[in-house]
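Containing TSV, C-alpha atoms: input00.tsv.
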chain	number	residue	atom	x	y	z
A	1	MET	CA	-7.88	-1.15	-34.52
A	2	ASN	CA	-10.68	0.45	-32.55
A	3	ILE	CA	-13.04	-2.33	-33.68
A	4	VAL	CA	-10.65	-5.05	-32.41
A	5	TYR	CA	-10.13	-3.21	-29.11
A	6	GLY	CA	-13.88	-2.84	-28.71
A	7	THR	CA	-14.40	-6.54	-29.40
A	8	TYR	CA	-11.79	-7.49	-26.74
A	9	SER	CA	-13.42	-5.15	-24.25
A	10	PHE	CA	-16.82	-6.66	-24.98
A	11	TYR	CA	-15.63	-10.22	-24.41
A	12	ALA	CA	-13.60	-9.19	-21.35
A	13	GLY	CA	-16.73	-7.61	-19.92
A	14	ILE	CA	-18.72	-10.78	-20.54
A	15	ILE	CA	-16.01	-12.89	-18.91
A	16	CYS	CA	-15.80	-10.61	-15.87
A	17	THR	CA	-19.57	-10.57	-15.51
A	18	THR	CA	-19.68	-14.36	-15.76
A	19	LEU	CA	-16.94	-14.72	-13.14
A	20	VAL	CA	-18.76	-12.37	-10.80
A	21	ILE	CA	-21.97	-14.40	-11.23
A	22	ILE	CA	-20.09	-17.68	-10.65
A	23	ILE	CA	-18.35	-16.33	-7.54
A	24	ALA	CA	-21.66	-15.01	-6.20
A	25	LEU	CA	-23.34	-18.40	-6.79
A	26	VAL	CA	-20.46	-20.24	-5.13
A	27	ASN	CA	-20.61	-17.94	-2.10
A	28	GLN	CA	-24.37	-18.33	-1.95
A	29	ILE	CA	-24.06	-22.12	-2.00
A	30	ARG	CA	-21.34	-22.01	0.68
A	31	THR	CA	-23.43	-19.71	2.86
A	32	LYS	CA	-26.47	-21.95	2.40
A	33	ASN	CA	-24.47	-25.04	3.35
A	34	THR	CA	-22.99	-23.24	6.35
A	35	MET	CA	-26.43	-22.20	7.54
A	36	LYS	CA	-27.69	-25.77	7.07
A	37	ARG	CA	-24.85	-27.11	9.21
A	38	ILE	CA	-25.44	-24.48	11.91
A	39	ASP	CA	-29.17	-25.25	11.80
A	40	HIS	CA	-28.34	-28.94	12.28
A	41	MET	CA	-26.10	-28.07	15.23
A	42	LEU	CA	-28.91	-26.05	16.82
A	43	ASP	CA	-31.44	-28.84	16.30
A	44	SER	CA	-29.04	-31.31	17.90
A	45	ALA	CA	-28.39	-28.98	20.83
A	46	ILE	CA	-32.13	-28.43	21.41
A	47	ALA	CA	-32.77	-32.17	21.25
A	48	GLY	CA	-29.88	-32.83	23.63
A	49	THR	CA	-28.05	-35.03	21.10
A	50	PHE	CA	-25.25	-32.64	20.12
A	51	ASN	CA	-21.94	-34.49	19.83
A	52	PRO	CA	-18.84	-32.26	20.05
A	53	GLU	CA	-16.69	-35.03	18.55
A	54	GLU	CA	-18.43	-34.58	15.21
A	55	ILE	CA	-16.91	-31.11	14.82
A	56	ASP	CA	-14.16	-31.09	12.18
A	57	GLU	CA	-12.32	-27.77	11.96
A	58	SER	CA	-10.96	-28.62	8.51
A	59	MET	CA	-14.49	-28.93	7.12
A	60	LEU	CA	-15.98	-25.90	8.82
A	61	SER	CA	-15.53	-22.19	8.54
A	62	SER	CA	-14.02	-20.32	11.49
A	63	MET	CA	-17.45	-19.07	12.55
A	64	GLU	CA	-18.97	-22.55	12.41
A	65	PHE	CA	-16.14	-24.00	14.46
A	66	LYS	CA	-16.44	-21.32	17.16
A	67	PHE	CA	-20.20	-21.79	17.21
A	68	GLY	CA	-19.74	-25.54	17.50
A	69	ARG	CA	-17.36	-25.13	20.44
A	70	TYR	CA	-19.89	-22.82	22.11
A	71	LEU	CA	-22.63	-25.43	21.73
A	72	ALA	CA	-20.23	-28.06	23.07
A	73	ASN	CA	-19.73	-25.93	26.22
A	74	VAL	CA	-23.49	-25.45	26.54
A	75	GLU	CA	-24.01	-29.22	26.26
A	76	LEU	CA	-21.39	-29.80	28.97
A	77	GLU	CA	-23.13	-27.29	31.25
A	78	ARG	CA	-26.47	-29.00	30.63
A	79	LYS	CA	-25.02	-32.38	31.60
A	80	ASN	CA	-23.47	-30.88	34.72
A	81	ALA	CA	-26.80	-29.27	35.62
A	82	ASP	CA	-28.59	-32.61	35.17
A	83	PHE	CA	-25.99	-34.27	37.37
A	84	GLU	CA	-26.41	-31.65	40.10
A	85	LYS	CA	-30.21	-31.91	39.84
A	86	ASN	CA	-30.01	-35.66	40.39
A	87	LYS	CA	-27.77	-35.09	43.42
A	88	ILE	CA	-30.26	-32.59	44.86
A	89	LYS	CA	-33.12	-34.99	44.11
A	90	THR	CA	-31.34	-37.73	46.04
A	91	LEU	CA	-30.54	-35.36	48.91
A	92	ILE	CA	-34.15	-34.17	49.18
A	93	SER	CA	-35.36	-37.76	49.12
A	94	ASP	CA	-32.91	-38.67	51.91
A	95	ILE	CA	-33.94	-35.68	54.05
A	96	SER	CA	-37.61	-36.52	53.57
A	97	HIS	CA	-37.06	-40.16	54.48
A	98	GLN	CA	-34.73	-39.56	57.42
A	99	THR	CA	-36.83	-36.86	59.10
A	100	LYS	CA	-40.32	-38.22	58.52
A	101	THR	CA	-40.20	-41.06	61.08
A	102	PRO	CA	-38.46	-39.20	63.96
A	103	ILE	CA	-40.76	-36.17	63.73
A	104	SER	CA	-43.85	-38.38	63.46
A	105	ASN	CA	-42.71	-40.26	66.58
A	106	VAL	CA	-42.19	-37.03	68.53
A	107	VAL	CA	-45.69	-35.88	67.58
A	108	LEU	CA	-47.18	-39.27	68.45
A	109	TYR	CA	-45.48	-39.58	71.85
A	110	SER	CA	-46.32	-35.99	72.79
A	111	GLU	CA	-49.99	-36.70	72.00
A	112	LEU	CA	-49.85	-39.87	74.11
A	113	LEU	CA	-48.33	-37.89	76.97
A	114	GLN	CA	-51.20	-35.39	76.78
A	115	GLU	CA	-53.61	-38.24	77.46
A	116	GLN	CA	-51.83	-39.09	80.71
A	117	ASP	CA	-52.78	-37.72	84.14
A	118	LEU	CA	-50.04	-35.10	84.41
A	119	ASP	CA	-49.72	-32.08	86.64
A	120	GLU	CA	-50.36	-28.65	85.14
A	121	THR	CA	-46.66	-27.86	84.58
A	122	SER	CA	-45.96	-31.16	82.82
A	123	SER	CA	-49.10	-30.80	80.69
A	124	GLY	CA	-47.89	-27.36	79.58
A	125	TYR	CA	-44.51	-28.78	78.59
A	126	THR	CA	-46.20	-31.59	76.66
A	127	ARG	CA	-48.47	-29.21	74.76
A	128	ALA	CA	-45.48	-27.01	73.90
A	129	LEU	CA	-43.53	-30.07	72.73
A	130	ASN	CA	-46.40	-31.19	70.50
A	131	SER	CA	-46.87	-27.69	69.07
A	132	GLN	CA	-43.18	-27.30	68.22
A	133	ALA	CA	-43.03	-30.78	66.70
A	134	GLN	CA	-46.02	-29.94	64.50
A	135	LYS	CA	-44.32	-26.72	63.37
A	136	LEU	CA	-41.08	-28.57	62.63
A	137	ASN	CA	-42.98	-31.17	60.60
A	138	PHE	CA	-44.75	-28.44	58.63
A	139	LEU	CA	-41.46	-26.61	58.00
A	140	ILE	CA	-39.65	-29.74	56.75
A	141	ILE	CA	-42.52	-30.64	54.41
A	142	SER	CA	-42.69	-27.05	53.08
A	143	LEU	CA	-38.92	-26.90	52.50
A	144	ILE	CA	-39.02	-30.18	50.58
A	145	LYS	CA	-41.89	-28.95	48.41
A	146	MET	CA	-40.09	-25.65	47.80
A	147	SER	CA	-36.86	-27.39	46.81
A	148	ARG	CA	-38.67	-29.72	44.43
A	149	LEU	CA	-40.40	-26.81	42.73
A	150	GLU	CA	-37.23	-24.72	42.40
A	151	THR	CA	-35.10	-27.54	41.00
A	152	GLY	CA	-37.75	-28.73	38.57
A	153	ILE	CA	-37.91	-32.14	40.25
A	154	LEU	CA	-41.60	-31.69	40.91
A	155	ALA	CA	-43.54	-31.83	37.64
A	156	LEU	CA	-47.01	-30.33	37.58
A	157	ASN	CA	-49.57	-31.83	35.23
A	158	PRO	CA	-52.15	-29.14	34.46
A	159	LYS	CA	-55.15	-30.31	32.45
A	160	PRO	CA	-58.77	-29.23	31.88
A	161	GLU	CA	-60.74	-29.80	35.08
A	162	LEU	CA	-63.97	-28.51	36.55
A	163	LEU	CA	-63.24	-25.77	39.08
A	164	THR	CA	-66.12	-26.67	41.41
A	165	PRO	CA	-64.49	-29.74	43.08
A	166	LEU	CA	-61.31	-27.75	43.80
A	167	LEU	CA	-63.10	-24.94	45.63
A	168	GLU	CA	-65.43	-27.36	47.41
A	169	GLU	CA	-62.34	-29.09	48.83
A	170	VAL	CA	-60.88	-25.71	49.86
A	171	TYR	CA	-64.14	-24.99	51.70
A	172	ILE	CA	-64.16	-28.40	53.42
A	173	GLN	CA	-60.58	-27.95	54.64
A	174	LEU	CA	-60.78	-24.36	55.85
A	175	ALA	CA	-64.41	-23.68	56.81
A	176	PRO	CA	-63.88	-25.09	60.35
A	177	LYS	CA	-60.93	-22.72	60.91
A	178	ALA	CA	-63.00	-19.73	59.75
A	179	ALA	CA	-65.92	-20.83	61.93
A	180	SER	CA	-63.66	-21.15	64.99
A	181	LYS	CA	-62.83	-17.42	64.60
A	182	GLY	CA	-66.45	-16.46	63.96
A	183	LEU	CA	-65.74	-15.41	60.36
A	184	GLU	CA	-68.21	-15.60	57.50
A	185	PHE	CA	-66.78	-17.81	54.74
A	186	ASN	CA	-68.43	-17.81	51.30
A	187	ILE	CA	-67.78	-19.03	47.75
A	188	VAL	CA	-69.50	-17.22	44.85
A	189	PHE	CA	-69.85	-19.18	41.58
A	190	PRO	CA	-71.24	-17.74	38.35
A	191	ASP	CA	-71.32	-21.19	36.74
A	192	GLU	CA	-70.59	-24.62	38.23
A	193	ASN	CA	-69.48	-26.00	34.83
A	194	ILE	CA	-66.40	-23.78	34.45
A	195	LYS	CA	-63.38	-25.72	33.23
A	196	VAL	CA	-59.88	-24.46	33.99
A	197	ILE	CA	-56.38	-25.74	33.19
A	198	TYR	CA	-54.76	-26.74	36.48
A	199	ASP	CA	-53.08	-29.51	38.46
A	200	ALA	CA	-55.68	-30.55	41.02
A	201	LYS	CA	-53.31	-31.51	43.85
A	202	TRP	CA	-50.93	-28.56	43.72
A	203	THR	CA	-53.49	-25.89	42.85
A	204	LEU	CA	-55.47	-27.01	45.91
A	205	GLU	CA	-52.37	-26.38	48.00
A	206	ALA	CA	-51.81	-22.95	46.41
A	207	ILE	CA	-55.41	-21.79	46.95
A	208	CYS	CA	-55.50	-23.24	50.48
A	209	ASN	CA	-52.30	-21.35	51.36
A	210	ILE	CA	-53.84	-18.04	50.26
A	211	VAL	CA	-57.21	-18.67	51.93
A	212	ASP	CA	-55.50	-19.89	55.11
A	213	ASN	CA	-53.53	-16.62	55.22
A	214	ALA	CA	-56.74	-14.63	54.71
A	215	ILE	CA	-58.39	-16.41	57.66
A	216	LYS	CA	-55.25	-16.16	59.79
A	217	TYR	CA	-54.97	-12.36	59.45
A	218	THR	CA	-58.70	-11.58	59.71
A	219	GLU	CA	-60.14	-11.19	63.20
A	220	THR	CA	-63.66	-10.03	62.33
A	221	GLY	CA	-65.78	-9.93	59.19
A	222	SER	CA	-65.53	-12.33	56.28
A	223	VAL	CA	-63.41	-14.22	53.79
A	224	THR	CA	-64.92	-14.63	50.32
A	225	ILE	CA	-63.86	-16.64	47.26
A	226	GLU	CA	-65.33	-15.30	44.04
A	227	VAL	CA	-64.94	-16.82	40.58
A	228	ILE	CA	-64.78	-14.40	37.63
A	229	VAL	CA	-64.49	-15.66	34.03
A	230	TYR	CA	-62.62	-13.64	31.42
A	231	GLU	CA	-61.83	-14.43	27.77
A	232	ILE	CA	-58.57	-16.30	28.37
A	233	PHE	CA	-58.25	-16.61	32.14
A	234	CYS	CA	-60.46	-17.57	35.04
A	235	CYS	CA	-59.91	-15.43	38.15
A	236	ILE	CA	-60.26	-16.91	41.65
A	237	ARG	CA	-60.51	-13.79	43.80
A	238	ILE	CA	-59.94	-14.23	47.54
A	239	THR	CA	-60.92	-11.20	49.62
A	240	ASP	CA	-60.85	-10.63	53.37
A	241	THR	CA	-61.57	-7.91	55.89
A	242	GLY	CA	-58.30	-8.37	57.75
A	243	ILE	CA	-55.32	-6.21	58.67
A	244	GLY	CA	-54.37	-5.50	55.05
A	245	ILE	CA	-50.91	-5.11	53.52
A	246	SER	CA	-49.03	-1.85	52.98
A	247	GLU	CA	-47.90	-0.92	49.46
A	248	GLU	CA	-44.24	-1.19	50.54
A	249	GLU	CA	-44.73	-4.78	51.67
A	250	GLN	CA	-46.78	-6.01	48.72
A	251	ALA	CA	-43.67	-6.69	46.62
A	252	GLN	CA	-42.07	-8.68	49.45
A	253	ILE	CA	-44.79	-10.98	50.75
A	254	PHE	CA	-44.16	-13.55	47.98
A	255	ARG	CA	-40.50	-13.89	48.99
A	256	ARG	CA	-39.34	-16.98	50.81
A	257	PHE	CA	-39.57	-16.71	54.60
A	258	TYR	CA	-40.79	-13.11	54.53
A	259	ARG	CA	-42.79	-12.20	57.63
A	260	SER	CA	-44.46	-8.84	58.05
A	261	PRO	CA	-43.74	-7.02	61.33
A	262	GLN	CA	-47.53	-6.96	61.82
A	263	ALA	CA	-47.58	-10.77	61.65
A	264	SER	CA	-44.83	-11.38	64.19
A	265	GLY	CA	-47.31	-12.71	66.73
A	266	THR	CA	-49.12	-14.98	64.29
A	267	GLU	CA	-48.13	-18.57	63.50
A	268	GLY	CA	-46.36	-19.21	60.20
A	269	VAL	CA	-42.92	-19.40	58.57
A	270	GLY	CA	-43.43	-17.29	55.44
A	271	ILE	CA	-43.46	-20.06	52.82
A	272	GLY	CA	-47.17	-20.37	51.92
A	273	LEU	CA	-47.48	-17.42	49.54
A	274	TYR	CA	-44.12	-18.18	47.94
A	275	LEU	CA	-45.22	-21.74	47.18
A	276	ALA	CA	-48.60	-20.51	45.89
A	277	ARG	CA	-46.95	-18.13	43.42
A	278	GLU	CA	-44.50	-20.80	42.19
A	279	ILE	CA	-47.28	-23.35	41.64
A	280	ILE	CA	-49.59	-20.95	39.80
A	281	ALA	CA	-46.72	-19.67	37.62
A	282	LYS	CA	-45.79	-23.21	36.59
A	283	GLU	CA	-49.39	-23.70	35.42
A	284	GLY	CA	-49.23	-20.67	33.14
A	285	GLY	CA	-51.10	-18.41	35.55
A	286	TYR	CA	-50.27	-15.51	37.84
A	287	ILE	CA	-51.34	-13.81	41.07
A	288	LYS	CA	-52.29	-10.16	41.62
A	289	LEU	CA	-52.65	-8.42	44.96
A	290	SER	CA	-54.71	-5.41	45.92
A	291	SER	CA	-54.69	-4.20	49.53
A	292	MET	CA	-54.61	-1.28	51.94
A	293	PRO	CA	-53.63	-1.37	55.62
A	294	GLY	CA	-56.68	-1.86	57.82
A	295	LYS	CA	-58.99	-2.51	54.85
A	296	GLY	CA	-58.31	-6.13	54.03
A	297	ALA	CA	-56.66	-7.73	51.01
A	298	ALA	CA	-57.71	-9.24	47.69
A	299	PHE	CA	-55.60	-11.95	46.06
A	300	SER	CA	-56.60	-12.66	42.45
A	301	VAL	CA	-55.39	-16.01	41.11
A	302	PHE	CA	-55.55	-16.19	37.31
A	303	LEU	CA	-55.57	-19.65	35.68
A	304	PRO	CA	-55.84	-20.30	31.93
A	305	LEU	CA	-59.20	-21.40	30.55
A	306	GLU	CA	-57.54	-23.23	27.67
A	307	LEU	CA	-54.11	-24.60	26.83
A	308	PRO	CA	-51.87	-22.19	24.89
A	309	CYS	CA	-51.47	-23.25	21.25
A	310	PHE	CA	-48.80	-20.88	19.98
A	311	SER	CA	-46.62	-21.92	17.00
A	312	PHE	CA	-44.32	-20.13	14.60
A	313	SER	CA	-46.38	-21.33	11.65
A	314	ASN	CA	-49.51	-19.73	13.09
A	315	MET	CA	-47.61	-16.51	13.77
A	316	ILE	CA	-46.34	-16.38	10.17
A	317	LYS	CA	-49.84	-16.86	8.80
Entire entry expressed as structure tokens:
Amino acid sequence: MNIVYGTYSFYAGIICTTLVIIIALVNQIRTKNTMKRIDHMLDSAIAGTFNPEEIDESMLSSMEFKFGRYLANVELERKNADFEKNKIKTLISDISHQTKTPISNVVLYSELLQEQDLDETSSGYTRALNSQAQKLNFLIISLIKMSRLETGILALNPKPELLTPLLEEVYIQLAPKAASKGLEFNIVFPDENIKVIYDAKWTLEAICNIVDNAIKYTETGSVTIEVIVYEIFCCIRITDTGIGISEEEQAQIFRRFYRSPQASGTEGVGIGLYLAREIIAKEGGYIKLSSMPGKGAAFSVFLPLELPCFSFSNMIK
């Protein structure tokens, strides 16, 4: 009797073990298939081809269905964002087109008036009109650039370029302004064959904005551009002997339209540094500031020396 009972227990144990193994394999296969379907959903969402209509609740687990609905909502939000971006793009284009001609005409006619034989009072009004029209033109152009950067409409195209032509153009554009204030303006190059990853047009604007600020807020002394090469980045260091920036203000000067109380009597609208930071950031670089009140400022613009080549496969290795 004990032998028979032992035999039944043995076979029952084998059967139970087999069932457990089968159930485990089935669950493993189901889990693997579920993960494959979720992976496919993610790939479709990343590629922008996710189709919510393909979701079939009867074929999916509860988790998969909820995840699919979440991705469907994300896809809808993406489409709405694209729609709004296109609306903003059209609006910016309309503003640019509609304001360009009238402002240009005001500037032109005010310049023509200045050439006429006017009395002193009328000449003063004409100069003021021309000055304000120039400021309005600059403000409109800056706002359009800022909007394009923020909405992603403006696409930068950074690529390996020699740094020398960029800084030579900066010097050509701003040396006369420095000379008119009696400032010494220098560029220090360790090597004229340095290649940096940048968009020539927009990086020129970013560097010019910073150098223009340095000249604007420096009454005596010098403005210097120095190039320093590190392992990954190239630093374009712009130093001046101007009024300097307090530690409390250093975190604010890159904000849109921020104007220091010390700069209230100086021309400007507070967009230049904001645009510079946005442009450099979109190129994979960054800007550092070091300054003390009354002892000048140093803006260090870091741009990559080579394109980043990160990949998950390289990280795994």
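For the pair atom CA of Asp240 of chain A and atom CA of Leu174 of chain A, the separation is 14.0 Å.
Residues in contact with Ser104 of chain A at up to 9 Å, not including ones fewer than 6 positions away on its chain and judged by all atoms listed in the file, are A:Ala133, A:Gln134, A:Asn137.
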| task | For Tyr286 of chain A, please output as a VMD selection string all residues within 10 Å (counting all atoms listed in the file; exclusion window: fewer than 4 positions along the same chain). | result | chain A and resid 233 235 276 to 282 300 to 304
| said: Could you check the closest approach to Lys201 of chain A for each of A:Leu273, A:Leu166, A:Leu108, A:Ile243 and tell me which residue wins, using all atoms listed in the file? | reply: A:Leu166
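Residues in contact range of Ala178 of chain A, defined as at most 9 Å between all atoms listed in the file, with sequence neighbours fewer than 2 positions away removed, read Leu174, Ala175, Pro176, Ser180, Lys181, Gly182, Leu183, Glu184, Phe185, Asp212, Ile215, Lys216, Ser222 and Val223 of chain A.
Atom to atom, atom CA of Pro190 of chain A and atom CA of Gly242 of chain A stand 25.1 Å apart.
Excluding Gly296 of chain A itself and any same-chain residue fewer than 4 positions from it, the protein and nucleic acid residues within 8 Å of it, counting all atoms listed in the file, are Thr218, Thr239, Asp240, Thr241, Gly242, Ile243, Gly244, Ile245, Ser291 and Met292 of chain A.
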Go ahead and save the residues from that selection, with C-alpha atoms, as a short mmCIF file (atom, residue, chain, number, x, y, z; two decimals), in the coordinates of the input.
data_model
loop_
_atom_site.label_atom_id
_atom_site.label_comp_id
_atom_site.auth_asym_id
_atom_site.auth_seq_id
_atom_site.Cartn_x
_atom_site.Cartn_y
_atom_site.Cartn_z
CA THR A 218 -58.70 -11.58 59.71
CA THR A 239 -60.92 -11.20 49.62
CA ASP A 240 -60.85 -10.63 53.37
CA THR A 241 -61.57 -7.91 55.89
CA GLY A 242 -58.30 -8.37 57.75
CA ILE A 243 -55.32 -6.21 58.67
CA GLY A 244 -54.37 -5.50 55.05
CA ILE A 245 -50.91 -5.11 53.52
CA SER A 291 -54.69 -4.20 49.53
CA MET A 292 -54.61 -1.28 51.94
#
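From atom CA of Trp202 of chain A back to atom CA of Glu226 of chain A, the distance works out to 19.6 Å.
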